[in-house]
>>> print(open('target.txt').read())   # compact mmCIF, C-alpha atoms
# COMPACT_ATOMS: atom_id res chain seq x y z
CA MET A 1 -3.34 18.41 17.20
CA ALA A 2 -1.22 16.67 14.60
CA LYS A 3 -2.83 14.60 11.87
CA ILE A 4 -1.40 11.10 11.71
CA ILE A 5 -0.82 9.68 8.24
CA VAL A 6 0.26 6.10 7.64
CA ILE A 7 2.04 5.17 4.41
CA THR A 8 1.16 1.54 3.86
CA SER A 9 0.83 -1.13 1.16
CA GLY A 10 1.09 -4.66 2.45
CA LYS A 11 3.51 -5.60 -0.31
CA GLY A 12 7.18 -4.68 -0.08
CA GLY A 13 9.18 -2.72 -2.60
CA VAL A 14 6.31 -0.65 -3.98
CA GLY A 15 7.64 2.70 -2.76
CA LYS A 16 6.45 3.24 0.81
CA THR A 17 9.69 4.72 2.11
CA THR A 18 10.21 6.81 -1.03
CA THR A 19 6.66 8.09 -0.59
CA SER A 20 7.09 8.74 3.14
CA ALA A 21 10.21 10.81 2.48
CA ALA A 22 8.69 12.62 -0.50
CA PHE A 23 5.38 13.33 1.21
CA ALA A 24 6.94 14.49 4.46
CA ALA A 25 9.29 16.79 2.53
CA GLY A 26 6.34 18.09 0.49
CA LEU A 27 4.30 18.95 3.57
CA ALA A 28 7.29 20.58 5.27
CA LEU A 29 7.98 22.65 2.15
CA ARG A 30 4.43 23.96 2.49
CA GLY A 31 5.36 25.17 5.93
CA PHE A 32 3.79 22.44 8.05
CA ARG A 33 5.75 21.10 10.98
CA THR A 34 6.20 17.50 9.97
CA VAL A 35 7.81 14.46 11.53
CA VAL A 36 8.30 11.17 9.73
CA ILE A 37 8.70 7.96 11.74
CA ASP A 38 10.30 4.73 10.50
CA PHE A 39 8.29 1.76 11.84
CA ASP A 40 10.47 -0.86 10.12
CA ILE A 41 12.19 -2.08 13.27
CA GLY A 42 15.33 -4.05 12.48
CA LEU A 43 15.47 -2.88 8.87
CA ARG A 44 15.72 0.88 9.10
CA ASN A 45 16.07 2.62 5.76
CA LEU A 46 14.18 5.88 5.95
CA ASP A 47 17.35 7.52 7.33
CA LEU A 48 19.22 6.49 4.19
CA ILE A 49 16.49 7.71 1.85
CA MET A 50 16.38 11.03 3.74
CA GLY A 51 20.17 11.30 3.73
CA CYS A 52 20.61 11.50 7.50
CA GLU A 53 22.01 8.01 8.18
CA ARG A 54 25.20 9.31 9.76
CA ARG A 55 23.35 11.53 12.19
CA VAL A 56 21.37 8.78 13.90
CA VAL A 57 22.24 8.65 17.59
CA TYR A 58 19.05 7.49 19.30
CA ASP A 59 16.05 5.82 17.72
CA PHE A 60 12.32 5.11 18.13
CA ILE A 61 12.91 2.11 20.43
CA ASN A 62 15.31 4.08 22.64
CA VAL A 63 12.53 6.63 23.15
CA ILE A 64 9.91 3.96 23.87
CA LYS A 65 12.20 2.30 26.40
CA GLY A 66 12.99 5.65 28.02
CA GLU A 67 16.69 5.44 27.16
CA ALA A 68 16.49 8.78 25.38
CA ASN A 69 13.93 11.53 25.10
CA LEU A 70 12.23 12.56 21.87
CA LYS A 71 14.29 15.72 21.47
CA GLN A 72 17.47 13.66 21.49
CA ALA A 73 16.20 11.13 18.98
CA LEU A 74 14.56 13.45 16.43
CA ILE A 75 16.86 14.41 13.57
CA LYS A 76 16.23 17.81 12.04
CA ASP A 77 16.48 17.85 8.25
CA LYS A 78 19.29 20.09 7.04
CA ARG A 79 17.60 21.18 3.83
CA ILE A 80 14.00 21.77 4.84
CA ASP A 81 12.79 23.69 7.87
CA ASN A 82 10.04 22.06 9.90
CA LEU A 83 11.04 18.53 8.85
CA PHE A 84 12.11 15.93 11.41
CA ILE A 85 12.95 12.23 11.22
CA LEU A 86 12.55 9.60 13.92
CA PRO A 87 14.63 6.62 12.79
CA ALA A 88 13.83 2.97 13.50
CA SER A 89 16.23 0.94 15.56
CA GLN A 90 18.39 -1.79 14.09
CA THR A 91 17.66 -4.12 16.98
CA ARG A 92 16.21 -7.50 16.12
CA ASP A 93 13.95 -7.34 19.16
CA LYS A 94 10.69 -6.43 17.47
CA ASP A 95 8.76 -6.90 20.69
CA ALA A 96 10.26 -3.65 21.92
CA LEU A 97 7.68 -1.89 19.76
CA THR A 98 4.54 -1.80 21.89
CA LEU A 99 1.12 -0.25 21.48
CA GLU A 100 1.59 1.77 24.69
CA GLY A 101 5.06 2.87 23.59
CA VAL A 102 3.86 4.04 20.19
CA GLN A 103 0.91 5.83 21.77
CA LYS A 104 3.20 7.63 24.20
CA VAL A 105 5.49 8.87 21.43
CA LEU A 106 2.58 9.94 19.21
CA ASP A 107 0.91 11.75 22.11
CA GLU A 108 4.09 13.67 22.75
CA LEU A 109 4.41 14.63 19.07
CA GLN A 110 0.74 15.64 18.71
CA SER A 111 1.07 19.07 20.27
CA ASP A 112 4.27 20.13 18.50
CA TYR A 113 3.58 19.04 14.94
CA ASP A 114 1.01 19.46 12.19
CA TYR A 115 1.63 16.09 10.57
CA VAL A 116 3.08 12.81 11.80
CA ILE A 117 3.88 10.43 8.95
CA CYS A 118 4.25 6.75 9.82
CA ASP A 119 6.35 4.78 7.34
CA SER A 120 4.97 1.25 7.64
CA PRO A 121 7.05 -1.87 7.07
CA ALA A 122 5.85 -4.40 4.50
CA GLY A 123 3.66 -7.28 5.63
CA ILE A 124 0.87 -7.35 8.19
CA GLU A 125 2.94 -8.08 11.29
CA ARG A 126 3.30 -6.00 14.42
CA GLY A 127 5.24 -3.08 12.89
CA ALA A 128 2.70 -2.63 10.10
CA TYR A 129 -0.19 -2.97 12.54
CA LEU A 130 1.19 -0.37 14.95
CA ALA A 131 2.07 2.02 12.11
CA MET A 132 -1.58 2.15 11.01
CA TYR A 133 -3.33 1.72 14.37
CA PHE A 134 -3.50 5.41 15.37
CA ALA A 135 -3.79 6.85 11.85
CA ASP A 136 -6.27 9.50 10.72
CA HIS A 137 -5.30 9.11 7.07
CA ALA A 138 -3.86 6.17 5.15
CA ILE A 139 -1.96 6.57 1.92
CA VAL A 140 -2.09 3.16 0.26
CA VAL A 141 0.89 2.86 -2.09
CA THR A 142 0.12 0.49 -4.95
CA ASN A 143 1.92 -0.62 -8.10
CA PRO A 144 -0.19 -1.43 -11.16
CA GLU A 145 0.52 -5.12 -10.72
CA VAL A 146 -1.60 -8.03 -9.46
CA SER A 147 0.15 -8.89 -6.19
CA SER A 148 0.41 -5.27 -5.13
CA VAL A 149 -3.27 -4.55 -5.83
CA ARG A 150 -4.37 -7.67 -3.96
CA ASP A 151 -2.20 -6.80 -0.95
CA SER A 152 -3.51 -3.23 -0.97
CA ASP A 153 -7.06 -4.54 -0.82
CA ARG A 154 -6.09 -6.76 2.09
CA MET A 155 -4.55 -3.73 3.79
CA LEU A 156 -7.76 -1.73 3.27
CA GLY A 157 -9.63 -4.48 5.09
CA ILE A 158 -7.23 -4.24 8.01
CA LEU A 159 -7.47 -0.42 8.11
CA ALA A 160 -11.25 -0.73 8.31
CA SER A 161 -11.34 -3.31 11.09
CA LYS A 162 -8.19 -3.29 13.21
CA SER A 163 -7.44 0.40 13.76
CA ARG A 164 -8.12 2.60 16.76
CA ARG A 165 -10.79 4.47 14.80
CA SER A 166 -12.62 1.25 13.93
CA GLU A 167 -12.34 -0.19 17.43
CA GLN A 168 -13.60 2.98 19.08
CA LYS A 169 -16.35 3.38 16.42
CA LEU A 170 -15.04 6.79 15.35
CA ASP A 171 -15.05 8.09 11.77
CA PRO A 172 -13.03 5.64 9.69
CA ILE A 173 -9.46 6.29 8.55
CA LYS A 174 -9.49 8.40 5.36
CA GLU A 175 -8.04 6.26 2.59
CA HIS A 176 -6.04 7.61 -0.35
CA LEU A 177 -4.66 5.65 -3.28
CA LEU A 178 -1.20 6.51 -4.55
CA LEU A 179 -0.36 4.59 -7.68
CA THR A 180 3.41 4.40 -8.14
CA ARG A 181 5.79 3.15 -10.83
CA TYR A 182 3.18 3.88 -13.47
CA SER A 183 4.25 3.54 -17.06
CA VAL A 184 1.93 5.22 -19.55
CA ASN A 185 3.59 3.41 -22.45
CA ARG A 186 3.00 -0.03 -20.99
CA VAL A 187 -0.59 0.85 -20.16
CA GLU A 188 -1.08 1.99 -23.75
CA ARG A 189 0.32 -1.33 -24.98
CA GLY A 190 -2.10 -3.22 -22.75
CA ASP A 191 0.67 -4.69 -20.63
CA MET A 192 -0.06 -2.80 -17.45
CA LEU A 193 -3.18 -2.18 -15.38
CA SER A 194 -4.43 1.36 -15.94
CA VAL A 195 -5.35 3.90 -13.26
CA ASP A 196 -9.02 3.22 -13.98
CA ASP A 197 -8.54 -0.56 -13.65
CA VAL A 198 -6.94 -0.18 -10.23
CA LEU A 199 -9.54 2.37 -9.11
CA GLU A 200 -12.34 0.07 -10.17
CA ILE A 201 -10.94 -2.76 -8.04
CA LEU A 202 -9.84 -0.87 -4.93
CA ALA A 203 -12.57 1.78 -5.03
CA ILE A 204 -10.88 4.45 -2.93
CA PRO A 205 -10.13 8.09 -3.88
CA LEU A 206 -7.06 8.68 -6.04
CA LEU A 207 -4.43 10.92 -4.48
CA GLY A 208 -1.91 10.73 -7.27
CA VAL A 209 -0.11 8.75 -9.92
CA ILE A 210 3.69 8.69 -9.72
CA PRO A 211 5.28 7.77 -13.03
CA GLU A 212 8.05 5.17 -13.21
CA SER A 213 10.99 7.52 -13.16
CA GLN A 214 14.76 7.50 -13.13
CA ALA A 215 14.58 10.42 -10.74
CA VAL A 216 13.50 8.10 -7.91
CA LEU A 217 16.70 6.06 -7.98
CA ARG A 218 18.77 9.20 -8.43
CA ALA A 219 17.09 10.70 -5.37
CA SER A 220 17.65 7.62 -3.21
CA ASN A 221 21.26 7.37 -4.42
CA SER A 222 21.87 10.85 -3.10
CA GLY A 223 19.67 10.68 -0.03
CA VAL A 224 17.35 13.48 -1.13
CA PRO A 225 13.54 13.22 -1.02
CA VAL A 226 12.44 13.18 -4.66
CA THR A 227 10.10 16.11 -3.97
CA LEU A 228 13.20 18.32 -3.88
CA ASP A 229 13.88 17.40 -7.52
CA GLY A 230 11.13 19.68 -8.75
CA GLU A 231 12.35 19.34 -12.32
CA SER A 232 11.62 15.63 -12.43
CA ASP A 233 8.30 14.03 -13.36
CA ALA A 234 8.19 12.00 -10.12
CA GLY A 235 9.05 15.07 -8.04
CA GLN A 236 6.25 17.06 -9.65
CA ALA A 237 3.82 14.20 -9.23
CA TYR A 238 4.56 14.06 -5.50
CA ILE A 239 4.24 17.84 -5.18
CA ASP A 240 0.81 17.58 -6.87
CA ALA A 241 -0.20 14.71 -4.58
CA VAL A 242 0.66 16.80 -1.52
CA GLY A 243 -1.43 19.64 -2.96
CA ARG A 244 -4.39 17.32 -3.46
CA PHE A 245 -3.99 15.98 0.06
CA LEU A 246 -4.28 19.57 1.28
CA GLY A 247 -7.54 19.92 -0.63
CA GLU A 248 -6.38 21.51 -3.89
CA ASP A 249 -8.07 20.46 -7.09
CA LEU A 250 -5.19 19.59 -9.42
CA PRO A 251 -5.38 17.64 -12.69
CA HIS A 252 -3.47 14.35 -12.94
CA ARG A 253 -0.55 15.07 -15.20
CA PHE A 254 1.17 11.77 -15.80
CA ILE A 255 -1.54 9.41 -16.94
CA LYS A 256 -1.77 10.36 -20.61
CA PRO A 257 0.94 9.59 -23.16
CA ALA A 258 3.00 12.49 -24.46
CA LYS A 259 2.05 13.27 -28.04
CA LYS A 260 4.61 11.74 -30.38
CA GLY A 261 5.57 13.09 -33.78
CA PHE A 262 5.19 10.97 -36.89
CA LEU A 263 8.89 10.07 -37.14
CA LYS A 264 9.16 9.17 -33.48
CA ARG A 265 6.16 6.91 -33.78
CA LEU A 266 7.67 5.26 -36.83
CA PHE A 267 11.11 4.64 -35.40
CA GLY A 268 10.18 4.12 -31.78
CA SER A 269 11.64 5.98 -28.86
CA LYS A 270 14.36 5.09 -26.40
CA GLU A 271 11.97 5.79 -23.59
CA GLY A 272 9.55 3.22 -24.89
CA ALA A 273 12.28 0.62 -25.17
CA ALA A 274 13.54 1.23 -21.67
CA ALA A 275 10.14 1.18 -20.02
CA MET B 276 13.72 -2.85 -37.42
CA SER B 277 11.28 -0.49 -35.73
CA LEU B 278 9.70 0.16 -39.09
CA LEU B 279 9.20 -3.54 -39.74
CA ASN B 280 7.87 -4.06 -36.24
CA TYR B 281 5.46 -1.25 -36.75
CA ILE B 282 4.13 -2.63 -40.01
CA PHE B 283 4.06 -6.33 -39.11
CA ARG B 284 3.22 -5.89 -35.51
CA ASN B 285 1.25 -8.80 -34.14
CA LYS B 286 -1.96 -7.90 -32.48
CA PRO B 287 -0.78 -7.64 -28.88
CA LYS B 288 -2.31 -9.97 -26.36
CA ASN B 289 -3.77 -7.75 -23.73
CA THR B 290 -2.36 -9.05 -20.45
CA ALA B 291 -3.62 -6.04 -18.48
CA SER B 292 -7.26 -7.02 -18.98
CA LEU B 293 -6.40 -10.56 -17.93
CA ALA B 294 -4.82 -9.16 -14.77
CA LYS B 295 -7.89 -7.07 -14.08
CA GLU B 296 -10.25 -10.00 -14.52
CA ARG B 297 -8.22 -12.26 -12.22
CA LEU B 298 -7.96 -9.52 -9.61
CA GLN B 299 -11.68 -8.81 -9.61
CA ILE B 300 -12.45 -12.46 -8.92
CA ILE B 301 -9.88 -13.02 -6.18
CA VAL B 302 -10.49 -9.68 -4.47
CA SER B 303 -14.25 -10.14 -4.31
CA HIS B 304 -13.76 -13.67 -2.99
CA GLU B 305 -11.36 -12.47 -0.32
CA ARG B 306 -13.67 -9.64 0.68
CA THR B 307 -16.53 -12.04 1.45
CA THR B 308 -14.36 -14.28 3.60
CA ARG B 309 -12.88 -11.23 5.31
CA SER B 310 -16.23 -9.80 6.31
CA GLY B 311 -17.46 -13.15 7.64
CA PRO B 312 -17.34 -14.14 11.29
CA ASP B 313 -14.11 -15.52 12.77
CA TYR B 314 -15.53 -19.01 13.22
CA LEU B 315 -16.33 -19.47 9.54
CA PRO B 316 -13.03 -21.07 8.43
CA MET B 317 -13.13 -23.46 11.40
CA LEU B 318 -16.77 -24.33 10.74
CA GLN B 319 -15.88 -24.94 7.12
CA ARG B 320 -13.02 -27.30 8.04
CA GLU B 321 -15.10 -29.28 10.50
CA LEU B 322 -18.03 -29.60 8.11
CA ILE B 323 -15.69 -31.01 5.50
CA GLN B 324 -14.26 -33.45 8.03
CA VAL B 325 -17.70 -34.70 8.98
CA ILE B 326 -18.79 -35.15 5.37
CA ALA B 327 -15.51 -36.84 4.49
CA LYS B 328 -16.23 -39.41 7.18
CA TYR B 329 -19.18 -40.71 5.17
CA VAL B 330 -18.48 -39.74 1.58
CA ASP B 331 -15.20 -39.79 -0.27
CA ILE B 332 -14.88 -36.16 -1.31
CA ASP B 333 -12.20 -33.58 -1.98
CA GLN B 334 -11.96 -30.33 -0.08
CA ASP B 335 -12.83 -28.27 -3.15
CA GLN B 336 -16.03 -30.20 -3.65
CA VAL B 337 -17.51 -28.58 -0.58
CA LYS B 338 -18.41 -24.92 -0.72
CA VAL B 339 -19.40 -23.06 2.39
CA GLU B 340 -20.60 -19.53 1.90
CA LEU B 341 -22.14 -17.01 4.18
CA GLU B 342 -24.39 -14.44 2.58
CA ARG B 343 -25.86 -11.52 4.34
CA SER B 344 -29.07 -9.83 3.33
CA GLY B 345 -30.56 -7.25 5.61
CA ASN B 346 -30.41 -8.43 9.17
CA CYS B 347 -30.22 -12.15 8.51
CA SER B 348 -27.37 -14.33 7.30
CA ILE B 349 -27.70 -17.41 5.15
CA LEU B 350 -25.17 -20.19 5.51
CA GLU B 351 -25.06 -22.00 2.22
CA LEU B 352 -23.52 -25.45 2.05
CA ASN B 353 -22.88 -26.83 -1.39
CA ILE B 354 -21.51 -30.36 -1.74
CA THR B 355 -20.75 -32.01 -5.03
CA LEU B 356 -21.03 -35.73 -4.50
CA PRO B 357 -18.94 -38.08 -6.63
CA ASP B 358 -20.76 -39.88 -9.47
CA HIS B 359 -21.07 -43.27 -7.87
CA ILE B 360 -21.58 -43.58 -4.18
CA THR B 361 -21.17 -47.12 -3.00
CA ALA B 362 -23.51 -47.74 -0.17
CA GLU B 363 -21.58 -48.69 2.88
CA VAL B 364 -23.51 -50.86 5.24
CA ASP B 365 -21.90 -51.79 8.46
>>> encode(input="target.txt", output="structure tokens")
Amino acid sequence: MAKIIVITSGKGGVGKTTTSAAFAAGLALRGFRTVVIDFDIGLRNLDLIMGCERRVVYDFINVIKGEANLKQALIKDKRIDNLFILPASQTRDKDALTLEGVQKVLDELQSDYDYVICDSPAGIERGAYLAMYFADHAIVVTNPEVSSVRDSDRMLGILASKSRRSEQKLDPIKEHLLLTRYSVNRVERGDMLSVDDVLEILAIPLLGVIPESQAVLRASNSGVPVTLDGESDAGQAYIDAVGRFLGEDLPHRFIKPAKKGFLKRLFGSKEGAAA
Amino acid sequence: MSLLNYIFRNKPKNTASLAKERLQIIVSHERTTRSGPDYLPMLQRELIQVIAKYVDIDQDQVKVELERSGNCSILELNITLPDHITAEVD
């Protein structure tokens, strides 16, 4: 039985698709059979972030409508074994995404995969609702910024009341906080909410902190999940987060400032200026 | 320039703590309305309408809150009346 993980946030642009790609790649690298589904009907982008945009033939809606079968629509990643992508359709007909349709596709994936990752669209409309409805785990992607934190809290309320698990009175969805675009320097200066601030407000377990990193844009430019850039801070942070998700006890590496020498402190650093 | 900044640096205004404070207030407010029953917003609107029929008040002068303690709920209605109420006799 596959575990279903939704990557959600409420707010747009906080890093849901980046996280979906990175997390799916991370799980597949650990040897788990993983499929990642784009629920952003009409605005598909996961294919681009995963670098398989030119290999899309059939999509999620085609499968739901019975115009193609799952095998035809799933795209196998060329770099990582065990990793598959189910792209969203570009159709504007959002009504094509139905609860029964989603359930059918998830049921079919359950037996063949270890993890099904649902990349939720922004907002709290149908796509976002269906992406989280069947989830066992929710990774709530949050930026240390007021609107993102508020929307995440809103999303937590929805996860607790509108999901299959809540409606059927099963164990609740396991919630995990992933704080992204974190800048230690700005937190130090008092210009950005700290990890502890966000944890105090949202009060859910911390899965990881992904530092604001140039590696993320580089990865999306080249269509490579950032997890594959193991040299980069963001890549390492995602690898750690996957480890923690799998139950490993790993220290958080990117929440303390790097120690600066006397001269660097005196004359400032380029990194500080850019952040 | 960096050197001067370092020496004459103004005490930075901590905007992060301001953000945290504002978030704590709005999030706790939204959590109470979220956990309330579905009819609460409607009840709130209609109560305000009824009161406005008799007294000239603004929407934000009426506070409707539902508090739960144990297995009973308390509906609290808090109305701030304007300073001078002219008696209307018809």
>>> closest_atom_pairs(input="target.txt", of="chain A", to="chain B", cutoff="9 Å", atoms="all atoms listed in the file", output="tab-separated table")
residue	atom	partner	partner_atom	distance
A:Glu145	CA	B:Ala294	CA	7.8
A:Val146	CA	B:Ala294	CA	6.3
A:Ser147	CA	B:Leu298	CA	8.8
A:Val149	CA	B:Leu298	CA	7.8
A:Arg150	CA	B:Val302	CA	6.5
A:Asp153	CA	B:Val302	CA	7.2
A:Arg154	CA	B:Glu305	CA	8.1
A:Gly157	CA	B:Arg309	CA	7.5
A:Val187	CA	B:Ala291	CA	7.7
A:Arg189	CA	B:Pro287	CA	7.5
A:Gly190	CA	B:Asn289	CA	4.9
A:Asp191	CA	B:Ala291	CA	5.0
A:Met192	CA	B:Ala291	CA	4.9
A:Leu193	CA	B:Ala291	CA	5.0
A:Ser194	CA	B:Ala291	CA	7.9
A:Asp197	CA	B:Lys295	CA	6.6
A:Val198	CA	B:Lys295	CA	7.9
A:Glu200	CA	B:Gln299	CA	8.9
A:Ile201	CA	B:Gln299	CA	6.3
A:Leu202	CA	B:Val302	CA	8.8
A:Arg265	CA	B:Tyr281	CA	8.7
A:Leu266	CA	B:Leu278	CA	5.9
A:Phe267	CA	B:Ser277	CA	5.1
A:Gly268	CA	B:Ser277	CA	6.2
>>> write_last_selection(input="target.txt", atoms="C-alpha atoms", output="mmCIF file, keeping the file's coordinate frame")
data_model
loop_
_atom_site.group_PDB
_atom_site.id
_atom_site.type_symbol
_atom_site.label_atom_id
_atom_site.label_comp_id
_atom_site.auth_asym_id
_atom_site.auth_seq_id
_atom_site.Cartn_x
_atom_site.Cartn_y
_atom_site.Cartn_z
ATOM 1 C CA GLU A 145 0.520 -5.120 -10.720
ATOM 2 C CA VAL A 146 -1.600 -8.030 -9.460
ATOM 3 C CA SER A 147 0.150 -8.890 -6.190
ATOM 4 C CA VAL A 149 -3.270 -4.550 -5.830
ATOM 5 C CA ARG A 150 -4.370 -7.670 -3.960
ATOM 6 C CA ASP A 153 -7.060 -4.540 -0.820
ATOM 7 C CA ARG A 154 -6.090 -6.760 2.090
ATOM 8 C CA GLY A 157 -9.630 -4.480 5.090
ATOM 9 C CA VAL A 187 -0.590 0.850 -20.160
ATOM 10 C CA ARG A 189 0.320 -1.330 -24.980
ATOM 11 C CA GLY A 190 -2.100 -3.220 -22.750
ATOM 12 C CA ASP A 191 0.670 -4.690 -20.630
ATOM 13 C CA MET A 192 -0.060 -2.800 -17.450
ATOM 14 C CA LEU A 193 -3.180 -2.180 -15.380
ATOM 15 C CA SER A 194 -4.430 1.360 -15.940
ATOM 16 C CA ASP A 197 -8.540 -0.560 -13.650
ATOM 17 C CA VAL A 198 -6.940 -0.180 -10.230
ATOM 18 C CA GLU A 200 -12.340 0.070 -10.170
ATOM 19 C CA ILE A 201 -10.940 -2.760 -8.040
ATOM 20 C CA LEU A 202 -9.840 -0.870 -4.930
ATOM 21 C CA ARG A 265 6.160 6.910 -33.780
ATOM 22 C CA LEU A 266 7.670 5.260 -36.830
ATOM 23 C CA PHE A 267 11.110 4.640 -35.400
ATOM 24 C CA GLY A 268 10.180 4.120 -31.780
#
>>> residues_near_point(input="target.txt", point="(-22.1, -8.8, 10.3)", cutoff="12 Å", atoms="only C-alpha atoms", output="PDB file with C-alpha atoms, in the coordinates of the input")
ATOM      1  CA  THR B 307     -16.530 -12.040   1.450  1.00  0.00           C
ATOM      2  CA  THR B 308     -14.360 -14.280   3.600  1.00  0.00           C
ATOM      3  CA  ARG B 309     -12.880 -11.230   5.310  1.00  0.00           C
ATOM      4  CA  SER B 310     -16.230  -9.800   6.310  1.00  0.00           C
ATOM      5  CA  GLY B 311     -17.460 -13.150   7.640  1.00  0.00           C
ATOM      6  CA  PRO B 312     -17.340 -14.140  11.290  1.00  0.00           C
ATOM      7  CA  ASP B 313     -14.110 -15.520  12.770  1.00  0.00           C
ATOM      8  CA  LEU B 341     -22.140 -17.010   4.180  1.00  0.00           C
ATOM      9  CA  GLU B 342     -24.390 -14.440   2.580  1.00  0.00           C
ATOM     10  CA  ARG B 343     -25.860 -11.520   4.340  1.00  0.00           C
ATOM     11  CA  SER B 344     -29.070  -9.830   3.330  1.00  0.00           C
ATOM     12  CA  GLY B 345     -30.560  -7.250   5.610  1.00  0.00           C
ATOM     13  CA  ASN B 346     -30.410  -8.430   9.170  1.00  0.00           C
ATOM     14  CA  CYS B 347     -30.220 -12.150   8.510  1.00  0.00           C
ATOM     15  CA  SER B 348     -27.370 -14.330   7.300  1.00  0.00           C
ATOM     16  CA  ILE B 349     -27.700 -17.410   5.150  1.00  0.00           C
TER      17      ILE B 349
END
>>> atom_distance(input="target.txt", atom1="CA of Leu352 (chain B)", atom2="CA of Val339 (chain B)")
4.8 Å
>>> atom_distance(input="target.txt", atom1="CA of Met1 (chain A)", atom2="CA of Ile41 (chain A)")
26.0 Å
>>> atom_distance(input="target.txt", atom1="CA of Ala88 (chain A)", atom2="CA of Val56 (chain A)")
9.5 Å
